[in-house]
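Written below as structure tokens is the structure these notes are about.
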There are 4 protein chains.
Amino acid sequence: MAKKKIRMGMVGGGEGAFIGAIHRLAANLDGEIELVAGAFSSDPKRAKLSGENLGLAPERCYPNYIEMFASEAKLPVHDRIDFVAIVTPNHLHFPVAKCAIEAGFHVFSDKPATLTLQEAEDLSALLEKHSCLYGLTHTYNGYPMIKEARHRIANGELGAIRKVVVEYSQGWLADAKDNSGKQAAWRLDASQSGSSCCMGDIGVHAANLAEYVSGLSITALCADLNSLVAGRTLDDDGTVLLRFNNGAKGVLLASQIAVGEENNLRLRIYGEHASLDWSQMEPNSLWLRPHNAPALYLRAGVGSQSALTQAAMRTPAGHPEGYIEAFANLYKNFAAQIRAFQAGLPADNLSFDVPGIREAVRGMAFIEHTVAASRQDSKWHPFQIGHSE
Amino acid sequence: MAKKKIRMGMVGGGEGAFIGAIHRLAANLDGEIELVAGAFSSDPKRAKLSGENLGLAPERCYPNYIEMFASEAKLPVHDRIDFVAIVTPNHLHFPVAKCAIEAGFHVFSDKPATLTLQEAEDLSALLEKHSCLYGLTHTYNGYPMIKEARHRIANGELGAIRKVVVEYSQGWLADAKDNSGKQAAWRLDASQSGSSCCMGDIGVHAANLAEYVSGLSITALCADLNSLVAGRTLDDDGTVLLRFNNGAKGVLLASQIAVGEENNLRLRIYGEHASLDWSQMEPNSLWLRPHNAPALYLRAGVGSQSALTQAAMRTPAGHPEGYIEAFANLYKNFAAQIRAFQAGLPADNLSFDVPGIREAVRGMAFIEHTVAASRQDSKWHPFQIGHSE
Amino acid sequence: MAKKKIRMGMVGGGEGAFIGAIHRLAANLDGEIELVAGAFSSDPKRAKLSGENLGLAPERCYPNYIEMFASEAKLPVHDRIDFVAIVTPNHLHFPVAKCAIEAGFHVFSDKPATLTLQEAEDLSALLEKHSCLYGLTHTYNGYPMIKEARHRIANGELGAIRKVVVEYSQGWLADAKDNSGKQAAWRLDASQSGSSCCMGDIGVHAANLAEYVSGLSITALCADLNSLVAGRTLDDDGTVLLRFNNGAKGVLLASQIAVGEENNLRLRIYGEHASLDWSQMEPNSLWLRPHNAPALYLRAGVGSQSALTQAAMRTPAGHPEGYIEAFANLYKNFAAQIRAFQAGLPADNLSFDVPGIREAVRGMAFIEHTVAASRQDSKWHPFQIGHSE
Amino acid sequence: MAKKKIRMGMVGGGEGAFIGAIHRLAANLDGEIELVAGAFSSDPKRAKLSGENLGLAPERCYPNYIEMFASEAKLPVHDRIDFVAIVTPNHLHFPVAKCAIEAGFHVFSDKPATLTLQEAEDLSALLEKHSCLYGLTHTYNGYPMIKEARHRIANGELGAIRKVVVEYSQGWLADAKDNSGKQAAWRLDASQSGSSCCMGDIGVHAANLAEYVSGLSITALCADLNSLVAGRTLDDDGTVLLRFNNGAKGVLLASQIAVGEENNLRLRIYGEHASLDWSQMEPNSLWLRPHNAPALYLRAGVGSQSALTQAAMRTPAGHPEGYIEAFANLYKNFAAQIRAFQAGLPADNLSFDVPGIREAVRGMAFIEHTVAASRQDSKWHPFQIGHSE
């Protein structure tokens with residue numbers, strides 16, 4: 001029997017939005033997912049037009065997310081959406097997710113997960129009560145060579161980790177004139193973006209990547225956040241010193257005013273015996289540098305690689321894969337997780353390699369602790385979450 | 001009214017085939033094209049299974065292409081396939097294309113276009129008699145920075161072109177044991193591959209790219225083709241000296257035994273005032289090097305770029321796009337060409353930036369002239385096509 | 001009349017010593033300097049042998065530096081050494097310099113200048129009383145593209161500086177077994193090395209380079225120094241957050257346990273309009289990245305460059321110069337400074353682009369303030385020097 | 001007893017000459033060689049001034065080379081020059097070398113060795129009659145990682161060599177206005193330069209490097225030389241197809257009109273099991289790429305390397321060495337060869353790793369055969385030398 005596609009609804013991402021279009025490309029790529037419904041814009045006309053240009057049935061182009069979840073829930077199970085992709089500004093992530101979960105739909109959300117740590121903890125509590133899946137788009141986790149890095153560390157090839165250096169440098173907010181651009185305006189507005197611009201938008205990706213690859217957890221931090229361009233109240237740059245649960249030290253640099261940088265996310269991890277070095281700008285490569293021996297230039301598809309790495313690749317060696325493919329890996333994994341769930345099989349995030357509510361809460365904690373650490377006079381600030389971790 | 005997808009059939013590309021899967025990813029990406037029918041394999045069981053795993057209706061998983069075109073032609077116009085993607089070994093490209101065209105379907109074919117130059121000329125004649133579109137997957141043309149290179153040369157930024165160096169180095173056929181691998185066996189067999197392995201498989205891409213970007217045409221060549229690994233009758237390596245129609249000189253290096261190389265297609269064009277340098281292994285960059293002034297590192301999405309370049313991009317600067325996106329650009333352009341055709345608008349390949357029958361004939365001529373040039377004792381061999389060019 | 005060479009004596013740097021040999025190569029290169037005397041080792045036999053292998057007259061191979069200065073001072077002015085190069089472990093820098101200055105010889109010293117900040121201030125006071133020149137080998141200042149970077153910033157091409165990121169990563173001390181190696185042992189021993197290993201050996205270079213190129217001064221710092229390999233009391237790694245006198249922020253990363261790194265000194269400076277990026281591992285290049293425009297890849301000798309840059313080059317574009325040439329630039333400049341002094345002309349360090357006592361004091365202050373900052377609980381530590389700055 | 005320096009005379013290389021200054025830097029570096037005499041210019045005033053600025057005794061600044069050799073031969077053995085460095089335009093290489101050898105002086109000559117192949121063969125015959133050493137400055141041989149490449153191939157790590165690709169691209173002659181520049185004018189004039197500009201100036205370096213590293217000999221070639229800039233009679237660009245004595249194929253690309261290229265000499269050698277890739281623009285690295293396994297990035301000083309490699313290094317890993325150091329390695333080796341000769345020990349070029357008369361003759365044969373091959377209509381031209389090889 002022909003395989004059936006997973007049905008997706010989308011909130012946000014109307015015409016002209018950047019990240020919504022990326023989500024759709026990523027969802028399209030493997031032919032596993034079908035976009036069937038959407039509340040693409042708070043402007044009903046634009047919402048409808050966006051949906052029609054995407055080939056959606058007019059009756060499933062909803063004026064808002066509340067109506068969407070209510071209407072979809074009334075459709076037969078095999079017609080209604082399986083999950084919703086949330087691609088709005090940050091302040092809507094939580095209310096949309098809450099509404100979806102209460103209507104029984106799985107959620108695939110853009111990051112950061114919520115506007116505040118409290119909301120993330122509320123979302124966590126909500127998920128414990130409802131039988132819904134939750135995925136978070138820490139896109140950079142999706143690259144094949146990131147999987148290979150994670151695998152090799154888990155495999156002990158570096159020995160004990162001593163030092164983690166992660167940086168995420170962008171220059172697109174370097175100019176005060178950029179303050180009012182479409183992408184910039186809401187990110188620089190605390191009511192839509194949260195307590196941080198730079199750390200919330202990109203620092204949180206860097207922190208997540210460092211933990212994902214190293215297998216370690218941040219336990220304390222010292223932060224220096226800056227608003228280096230005139231007219232800003234939120235940070236556009238910052239450095240965070242890190243301590244990890246195994247005693248390793250770390251540094252996280254994030255900037256949106258690093259003029260001339262494009263989207264320079266780079267992770268270096270130094271162990272006792274070797275180090276790893278990966279850069280998003282050339283994502284199909286991974287340097288493995290042993291102590292006093294020639295460095296190995298690991299390339300996607302060359303030589304023997306982990307099953308996780310191979311599962312994240314679509315092309316043979318030398319045929320570069322990029323950001324959309326990394327993003328598509330998250331969608332592909334989430335679709336597989338939904339299929340497993342629907343088949344009554346175990347369907348936890350870790351097994352399907354999908355960032356979930358744990359990462360959502362840690363990410364919001366990272367943002368809020370960093371902001372707090374930056375404001376205090378004493379050097380170190382503990383990284384604690386609720387009563388449990 | 002909701003936008004309708006273009007309907008695709010596929011010949012070849014069943015489970016386990018490399019290039020068929022790539023075609024499907026590329027066709028999926030933009031959500032413009034829907035795979036609805038296929039003759040995926042000469043083995044009927046495998047054909048059916050492949051189709052079902054792809055979510056096709058069982059009745060449109062055909063046992064062979066002849067049946068497919070016959071059956072599809074009987075469906076209502078708004079249901080039947082709009083075009084066929086041909087992803088078989090080379091010897092089937094022509095018969096399948098011929099059958100499709102005679103049944104009234106547009107053709108999107110893998111390269112090289114046919115098994116022989118004669119077939120390509122026959123195909124050209126056939127297309128003049130039928131009102132069908134024809135596209136050829138010279139994938140590397142699809143990269144944004146290749147568009148930018150073509151634009152800047154057309155714009156005169158290099159001055160007169162003096163020298164073109166194009167190389168395409170792979171190492172995957174370096175080992176005699178590779179002769180029998182799935183991808184290798186048919187490529188090394190003249191009855192399925194044609195008169196050349198290396199030049200037919202990759203040299204033809206390099207020649208096409210050189211002409212596409214430079215805007216020049218090859219007029220004569222001197223070739224040295226080699227079979228450097230034991231047990232081969234077809235070439236696995238070769239160098240071709242080139243002369244272009246403006247007097248420029250060139251060199252084309254192609255190898256499948258360049259051990260350690262992945263898929264290293266690189267193009268350098270030297271003009272009077274500046275040179276361009278592009279490499280497929282890092283495709284989002286393009287070097288522009290003026291005479292005695294700092295080199296410019298052009299990056300997709302950074303600064304002002306041509307409309308063609310921008311049309312070929314889906315992500316902002318620093319979010320790498322790769323091979324699948326380049327491939328998808330060909331599909332996207334071909335889909336747009338079909339829509340124009342269906343709307344009764346002008347729909348020529350050049351306007352839609354889709355390699356077509358002209359490139360098909362030139363490509364086959366390149367292969368056959370190179371083989372002939374390599375066999376002769378005199379140095380230069382004219383590059384002529386039929387009676388006309 | 002034939003030009004006369006400047007005569008050099010050397011303290012330290014006997015057979016087997018690394019940095020002494022480098023000093024000699026650097027002093028030889030331009031044919032301006034002649035090594036004529038030395039106290040190469042505390043072992044008199046080894047001192048003599050080292051001198052003879054270097055072609056020195058036996059009577060000028062001294063058993064210790066005290067004798068050397070005493071004896072040389074008795075020679076006729078046109079025979080005696082003009083200056084002494086001090087290439088011993090750190091604890092001897094000050095006593096040797098003091099002895100030389102009191103005997104009337106110019107001093108060219110390895111860094112860090114002294115064992116403690118107090119010694120550096122004493123040295124400064126001593127130099128005010130004696131008419132001697134003092135140079136300090138901040139070698140990395142000597143690279144042509146560092147001169148170009150300094151020039152372009154002074155010229156305003158970056159606009160106001162906002163952020164400085166400097167890192168100096170090495171891996172050679174990654175292994176506990178390395179603790180006892182010839183180069184390691186004294187660096188890890190506070191009595192010979194001072195209060196810091198990593199910051200004293202390489203962090204001080206990074207801090208100096210950041211100030212030299214940016215033209216800014218550090219005013220406060222927050223430090224996290226680590227001893228990440230077992231059995232060490234001094235730091236082998238550390239990160240320092242920086243504040244500069246114009247309000248710019250900075251980060252300095254230094255590590256000797258960054259396994260797999262060779263000698264990775266890299267400086268990035270972000271201004272309002274553009275950024276600069278230089279790496280010692282490929283020192284003949286300098287990236288200049290404007291806001292939303294293609295990056296310029298500046299290369300030594302290509303296009304128009306500052307007079308300072310050109311003065312620091314010996315080869316045309318594309319003929320790489322390296323570490324020894326950078327070092328030789330310091331020697332060449334110091335030789336010119338001595339010639340000016342001897343001719344009764346103005347001979348200050350700044351005019352001859354030679355790091356001097358100002359940099360010596362600031363370097364020692366950097367080391368001691370960083371150690372103090374790392375030990376304190378409050379985040380920021382002021383960077384102050386004596387009563388004046 | 002103090003070690004004595006080897007005494008050098010120089011012909012050519014007066015003020016303003018490029019290559020003479022480089023020779024002096026290279027000869028200075030290791031402190032083994034002393035410049036004591038010179039005939040720096042055909043203009044006697046300039047000759048004298050150049051010598052004095054270099055610190056030479058006025059009586060040893062000769063007005064021409066004939067006088068120099070005659071006068072020096074009359075000096076006591078321990079005072080007179082040991083060898084002469086010839087740094088004139090090409091047409092003087094032979095007459096100066098002949099005069100030196102007949103006066104009993106060793107010769108260290110710039111390349112190409114002579115103006116014609118016949119002269120090179122005459123020089124070879126002359127050297128058989130006189131007991132003089134002869135060295136030729138194929139500078140690029142002097143790089144440490146070139147030694148490592150040669151060692152690894154000799155050691156069998158690549159298996160049988162199949163393909164050699166060597167390119168030498170420069171852009172400095174891209175502009176017709178450059179025809180009259182100081183460096184360009186004599187190179188473009190056959191009476192001073194010989195039968196080729198591009199192949200004689202840089203192609204010959206590339207051919208030598210390919211043979212030196214691979215251990216193979218060219219046996220036949222097919223050439224396409226071009227004069228791509230108006231107003232030139234000699235070649236400024238060319239490509240040569242190569243056949244080697246073991247059956248391997250090769251391509252040599254050389255250009256002086258490759259606008260935007262600096263001094264891009266790159267060598268790739270593909271064997272059965274692995275390939276090597278080296279570029280002069282980043283000379284301290286060497287890629288070793290095995291079949292379907294991660295590439296190794298070999299770096300000078302990292303890990304275990306051949307004795308030849310280590311002997312060619314002066315700094316530890318990560319402290320870049322460059323062109324002058326490579327050049328200095330030739331001088332250092334030639335100085336050692338002279339010392340051995342003077343001590344009555346075996347002193348052949350191969351043992352001291354100094355390019356000699358064999359390379360001189362092969363280089364001139366390469367130039368003349370390439371010019372002849374380019375002019376003929378048949379494809380292949382044998383590469384033969386005299387009656388013997």
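Labels used: A, B, ... for chains in the order of the structure tokens, numbers from 1 for residues in each chain, and numbers from 1 for ligands as shown.
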
Within 10 Å of chain C, which residues belong to chain D? Use only C-alpha atoms and report them as a PyMOL selection string. chain D and resi 1-5+18-19+21-22+24-32+34-35+48-58+170+172+260-265+280-284+299+301-302+314-325

Keeping only C-alpha atoms, write the selected residues to a file as a CSV table (one decimal), in the first residue's frame.
chain,number,residue,atom,x,y,z
D,1,MET,CA,88.5,26.5,16.7
D,2,ALA,CA,85.9,28.8,15.4
D,3,LYS,CA,84.1,27.6,12.3
D,4,LYS,CA,85.0,29.6,9.2
D,5,LYS,CA,82.3,31.0,6.8
D,18,PHE,CA,65.0,41.6,-7.3
D,19,ILE,CA,66.6,38.2,-7.3
D,21,ALA,CA,68.6,40.7,-3.0
D,22,ILE,CA,66.8,37.4,-2.4
D,24,ARG,CA,71.8,37.6,-0.4
D,25,LEU,CA,69.0,37.1,2.2
D,26,ALA,CA,69.1,33.4,1.6
D,27,ALA,CA,72.9,33.2,1.9
D,28,ASN,CA,72.9,35.3,5.1
D,29,LEU,CA,70.2,33.4,6.9
D,30,ASP,CA,72.2,30.6,8.5
D,31,GLY,CA,75.4,32.5,9.1
D,32,GLU,CA,77.4,30.0,7.1
D,34,GLU,CA,79.8,35.6,3.8
D,35,LEU,CA,79.5,37.8,0.7
D,48,LYS,CA,80.8,50.0,-6.6
D,49,LEU,CA,78.0,51.7,-4.8
D,50,SER,CA,76.1,48.4,-4.5
D,51,GLY,CA,79.1,46.7,-3.0
D,52,GLU,CA,79.7,49.4,-0.5
D,53,ASN,CA,76.1,49.5,0.7
D,54,LEU,CA,76.6,45.8,1.2
D,55,GLY,CA,79.6,46.4,3.4
D,56,LEU,CA,82.1,45.0,1.0
D,57,ALA,CA,85.7,46.2,0.8
D,58,PRO,CA,86.0,48.6,-2.1
D,170,GLN,CA,51.2,34.1,-12.3
D,172,TRP,CA,52.1,39.8,-13.3
D,260,GLY,CA,45.0,37.7,-10.2
D,261,GLU,CA,47.3,34.8,-9.5
D,262,GLU,CA,50.4,35.7,-7.4
D,263,ASN,CA,52.9,32.8,-7.6
D,264,ASN,CA,50.7,29.8,-7.6
D,265,LEU,CA,52.9,26.8,-8.0
D,280,GLN,CA,53.6,27.1,-2.7
D,281,MET,CA,51.2,29.7,-1.5
D,282,GLU,CA,50.8,27.7,1.7
D,283,PRO,CA,54.0,25.8,1.7
D,284,ASN,CA,54.1,24.4,5.2
D,299,ARG,CA,52.2,20.1,8.5
D,301,GLY,CA,56.9,19.9,12.3
D,302,VAL,CA,53.8,18.0,13.3
D,314,ARG,CA,64.4,25.9,11.3
D,315,THR,CA,61.3,26.6,13.4
D,316,PRO,CA,58.8,24.4,15.3
D,317,ALA,CA,55.3,23.6,14.1
D,318,GLY,CA,53.1,26.6,13.5
D,319,HIS,CA,55.9,29.1,13.0
D,320,PRO,CA,55.6,29.5,9.2
D,321,GLU,CA,58.7,29.3,7.0
D,322,GLY,CA,58.6,30.7,3.6
D,323,TYR,CA,60.4,31.3,0.3
D,324,ILE,CA,63.6,32.8,1.7
D,325,GLU,CA,64.0,29.8,4.0

I need the alpha helix (DSSP H) residues of range 172-293 of chain D per DSSP on the backbone, written as a PyMOL selection string. chain D and resi 182-187+190-193+198+204-214

Neighbour list for Lys177 in chain B as JSON, numbers by chain, cut-off 10 Å, only C-alpha atoms, skip fewer than 6 positions in-chain: {"B": [229, 230, 231]}

Limited to C-alpha atoms, could you put the picked residues into a file as a compact mmCIF listing (two decimals), in the first residue's frame?
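Printed below is selection38.txt as written:
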# COMPACT_ATOMS: atom_id res chain seq x y z
CA VAL B 229 43.39 1.27 -14.15
CA ALA B 230 43.81 -2.28 -15.37
CA GLY B 231 40.93 -4.04 -17.08

For each of C:Gly104, C:Gly238, C:Pro95, C:Gly181, take the minimum atom-to-atom distance to Ala70 in chain C, counting only C-alpha atoms, then give the residue where this is smallest. C:Gly104

For Ile81 in chain C, find every residue with an atom within 8 Å (counting only C-alpha atoms), except residues of its own chain fewer than 6 positions away, and show them as number ranges by chain. C: 6-9, 36-37, 72, 105

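Note that the spacing between CA of Cys222 in chain A and CA of Arg268 in chain C amounts to 22.1 Å.
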
Using only C-alpha atoms, which protein or nucleic acid residues come within 9 Å of Val354 in chain C? Drop anything in the same chain fewer than 3 positions from it, and give the result as an mmCIF file with N, CA and C atoms, in the first residue's frame.
data_model
loop_
_atom_site.group_PDB
_atom_site.id
_atom_site.type_symbol
_atom_site.label_atom_id
_atom_site.label_comp_id
_atom_site.auth_asym_id
_atom_site.auth_seq_id
_atom_site.Cartn_x
_atom_site.Cartn_y
_atom_site.Cartn_z
ATOM 1 N N TYR C 134 66.092 50.202 24.500
ATOM 2 C CA TYR C 134 65.527 48.941 24.977
ATOM 3 C C TYR C 134 64.462 48.466 23.990
ATOM 4 N N GLY C 135 64.626 47.243 23.489
ATOM 5 C CA GLY C 135 63.634 46.642 22.591
ATOM 6 C C GLY C 135 63.144 45.317 23.146
ATOM 7 N N LEU C 136 61.895 44.994 22.841
ATOM 8 C CA LEU C 136 61.261 43.789 23.382
ATOM 9 C C LEU C 136 60.690 42.994 22.212
ATOM 10 N N THR C 137 60.944 41.692 22.188
ATOM 11 C CA THR C 137 60.594 40.925 20.987
ATOM 12 C C THR C 137 59.145 40.445 20.967
ATOM 13 N N HIS C 138 58.232 41.398 20.772
ATOM 14 C CA HIS C 138 56.864 40.978 20.446
ATOM 15 C C HIS C 138 56.832 40.685 18.949
ATOM 16 N N ASN C 141 54.193 41.327 16.062
ATOM 17 C CA ASN C 141 54.105 42.699 15.543
ATOM 18 C C ASN C 141 54.854 42.892 14.241
ATOM 19 N N LEU C 330 61.956 43.033 13.516
ATOM 20 C CA LEU C 330 62.249 43.671 14.799
ATOM 21 C C LEU C 330 63.743 43.982 14.900
ATOM 22 N N TYR C 331 64.564 43.016 14.508
ATOM 23 C CA TYR C 331 66.012 43.246 14.551
ATOM 24 C C TYR C 331 66.421 44.376 13.608
ATOM 25 N N ASN C 333 64.649 46.861 12.548
ATOM 26 C CA ASN C 333 64.223 48.157 13.090
ATOM 27 C C ASN C 333 65.085 48.573 14.274
ATOM 28 N N PHE C 334 65.435 47.604 15.099
ATOM 29 C CA PHE C 334 66.269 47.943 16.260
ATOM 30 C C PHE C 334 67.679 48.361 15.801
ATOM 31 N N GLN C 337 67.419 51.819 14.689
ATOM 32 C CA GLN C 337 67.286 52.692 15.858
ATOM 33 C C GLN C 337 68.662 52.946 16.493
ATOM 34 N N ASP C 348 63.591 57.229 19.240
ATOM 35 C CA ASP C 348 62.599 56.642 20.141
ATOM 36 C C ASP C 348 61.989 55.382 19.527
ATOM 37 N N ASN C 349 61.472 54.516 20.398
ATOM 38 C CA ASN C 349 60.932 53.237 19.938
ATOM 39 C C ASN C 349 59.764 53.403 18.982
ATOM 40 N N LEU C 350 58.868 54.313 19.280
ATOM 41 C CA LEU C 350 57.681 54.464 18.452
ATOM 42 C C LEU C 350 58.051 54.785 17.008
ATOM 43 N N SER C 351 58.989 55.729 16.829
ATOM 44 C CA SER C 351 59.380 56.119 15.477
ATOM 45 C C SER C 351 60.011 54.966 14.715
#

Closest of C:Ala347, C:Ile153, C:Cys198, C:Leu221 to Ala335 in chain C - atom-to-atom distances counting only C-alpha atoms: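 Using only C-alpha atoms, Ala335 in chain C sits closest to C:Ala347.
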
Please report the interatomic distance between CA of Ala149 in chain D and CA of Lys249 in chain D in Å with one decimal.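 Here the two named atoms are 18.5 Å from each other.
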
Which residues come within 8 Å of Val165 in chain C, counting only C-alpha atoms, excluding same-chain residues fewer than 4 positions away, as an NGL selection string? :C and (250-252 or 267-269)

Those residues you just picked out, can you put them in a file as a compact mmCIF listing (two decimals), in the first residue's frame with N, CA and C atoms?
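Generated file (again.txt):
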# COMPACT_ATOMS: atom_id res chain seq x y z
N GLY C 250 36.20 43.19 24.46
CA GLY C 250 37.10 42.23 23.84
C GLY C 250 37.13 40.91 24.57
N VAL C 251 37.67 39.92 23.91
CA VAL C 251 37.89 38.60 24.50
C VAL C 251 39.28 38.14 24.08
N LEU C 252 40.01 37.62 25.03
CA LEU C 252 41.32 37.04 24.75
C LEU C 252 41.30 35.59 25.21
N LEU C 267 43.72 37.32 15.25
CA LEU C 267 43.19 38.59 15.73
C LEU C 267 42.05 39.04 14.83
N ARG C 268 40.91 39.33 15.45
CA ARG C 268 39.79 39.90 14.70
C ARG C 268 39.37 41.19 15.37
N ILE C 269 39.19 42.20 14.57
CA ILE C 269 38.77 43.49 15.10
C ILE C 269 37.57 43.97 14.30

I'd like the neighbourhood of range 96-103 of chain B as a ChimeraX atom specification, where a residue qualifies if any of its atoms comes within 12 Å (using only C-alpha atoms), though same-chain residues fewer than 5 positions away should be ignored. /B:9-12,39,64-74,80-91,108-110,113-114,119-120,122-136,357

Writing out the chosen residues with C-alpha atoms as an mmCIF file, in the first residue's frame:
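Output contents, as saved in out-v6.cif:
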data_model
loop_
_atom_site.group_PDB
_atom_site.id
_atom_site.type_symbol
_atom_site.label_atom_id
_atom_site.label_comp_id
_atom_site.auth_asym_id
_atom_site.auth_seq_id
_atom_site.Cartn_x
_atom_site.Cartn_y
_atom_site.Cartn_z
ATOM 1 C CA GLY B 9 6.610 10.790 -14.169
ATOM 2 C CA MET B 10 9.960 9.081 -13.773
ATOM 3 C CA VAL B 11 11.762 6.401 -15.777
ATOM 4 C CA GLY B 12 14.504 4.629 -13.846
ATOM 5 C CA ALA B 39 8.502 3.088 -14.453
ATOM 6 C CA ASN B 64 7.958 -0.169 -18.311
ATOM 7 C CA TYR B 65 8.093 3.224 -19.935
ATOM 8 C CA ILE B 66 6.203 2.235 -23.057
ATOM 9 C CA GLU B 67 3.183 1.321 -21.015
ATOM 10 C CA MET B 68 3.576 4.382 -18.895
ATOM 11 C CA PHE B 69 3.425 6.844 -21.761
ATOM 12 C CA ALA B 70 0.581 4.937 -23.429
ATOM 13 C CA SER B 71 -1.510 4.815 -20.253
ATOM 14 C CA GLU B 72 -0.783 8.332 -19.119
ATOM 15 C CA ALA B 73 -1.701 9.689 -22.535
ATOM 16 C CA LYS B 74 -5.172 8.250 -22.016
ATOM 17 C CA ARG B 80 -1.815 12.909 -16.628
ATOM 18 C CA ILE B 81 1.886 13.639 -16.149
ATOM 19 C CA ASP B 82 3.160 16.912 -17.527
ATOM 20 C CA PHE B 83 6.684 15.654 -18.086
ATOM 21 C CA VAL B 84 8.966 12.726 -17.592
ATOM 22 C CA ALA B 85 12.291 12.691 -15.791
ATOM 23 C CA ILE B 86 14.691 10.191 -17.367
ATOM 24 C CA VAL B 87 17.200 8.832 -14.877
ATOM 25 C CA THR B 88 18.316 5.580 -16.506
ATOM 26 C CA PRO B 89 21.782 4.598 -17.733
ATOM 27 C CA ASN B 90 22.810 6.459 -20.873
ATOM 28 C CA HIS B 91 21.756 3.960 -23.536
ATOM 29 C CA PHE B 108 13.731 16.287 -18.507
ATOM 30 C CA SER B 109 16.742 14.062 -19.070
ATOM 31 C CA ASP B 110 19.864 13.152 -17.224
ATOM 32 C CA ALA B 113 21.736 13.328 -23.526
ATOM 33 C CA THR B 114 22.125 10.167 -25.579
ATOM 34 C CA GLU B 119 21.080 10.053 -31.522
ATOM 35 C CA ALA B 120 21.370 13.586 -30.201
ATOM 36 C CA ASP B 122 17.972 12.673 -34.245
ATOM 37 C CA LEU B 123 16.492 13.902 -30.982
ATOM 38 C CA SER B 124 17.006 17.461 -32.134
ATOM 39 C CA ALA B 125 15.186 16.731 -35.369
ATOM 40 C CA LEU B 126 12.366 15.041 -33.459
ATOM 41 C CA LEU B 127 11.899 18.047 -31.206
ATOM 42 C CA GLU B 128 11.555 20.291 -34.207
ATOM 43 C CA LYS B 129 8.567 18.243 -35.265
ATOM 44 C CA HIS B 130 6.867 17.963 -31.878
ATOM 45 C CA SER B 131 5.708 20.647 -29.585
ATOM 46 C CA CYS B 132 7.522 19.379 -26.516
ATOM 47 C CA LEU B 133 9.981 20.944 -24.140
ATOM 48 C CA TYR B 134 13.346 19.328 -23.464
ATOM 49 C CA GLY B 135 15.618 19.954 -20.483
ATOM 50 C CA LEU B 136 19.001 18.424 -19.694
ATOM 51 C CA ILE B 357 18.725 20.326 -26.943
#
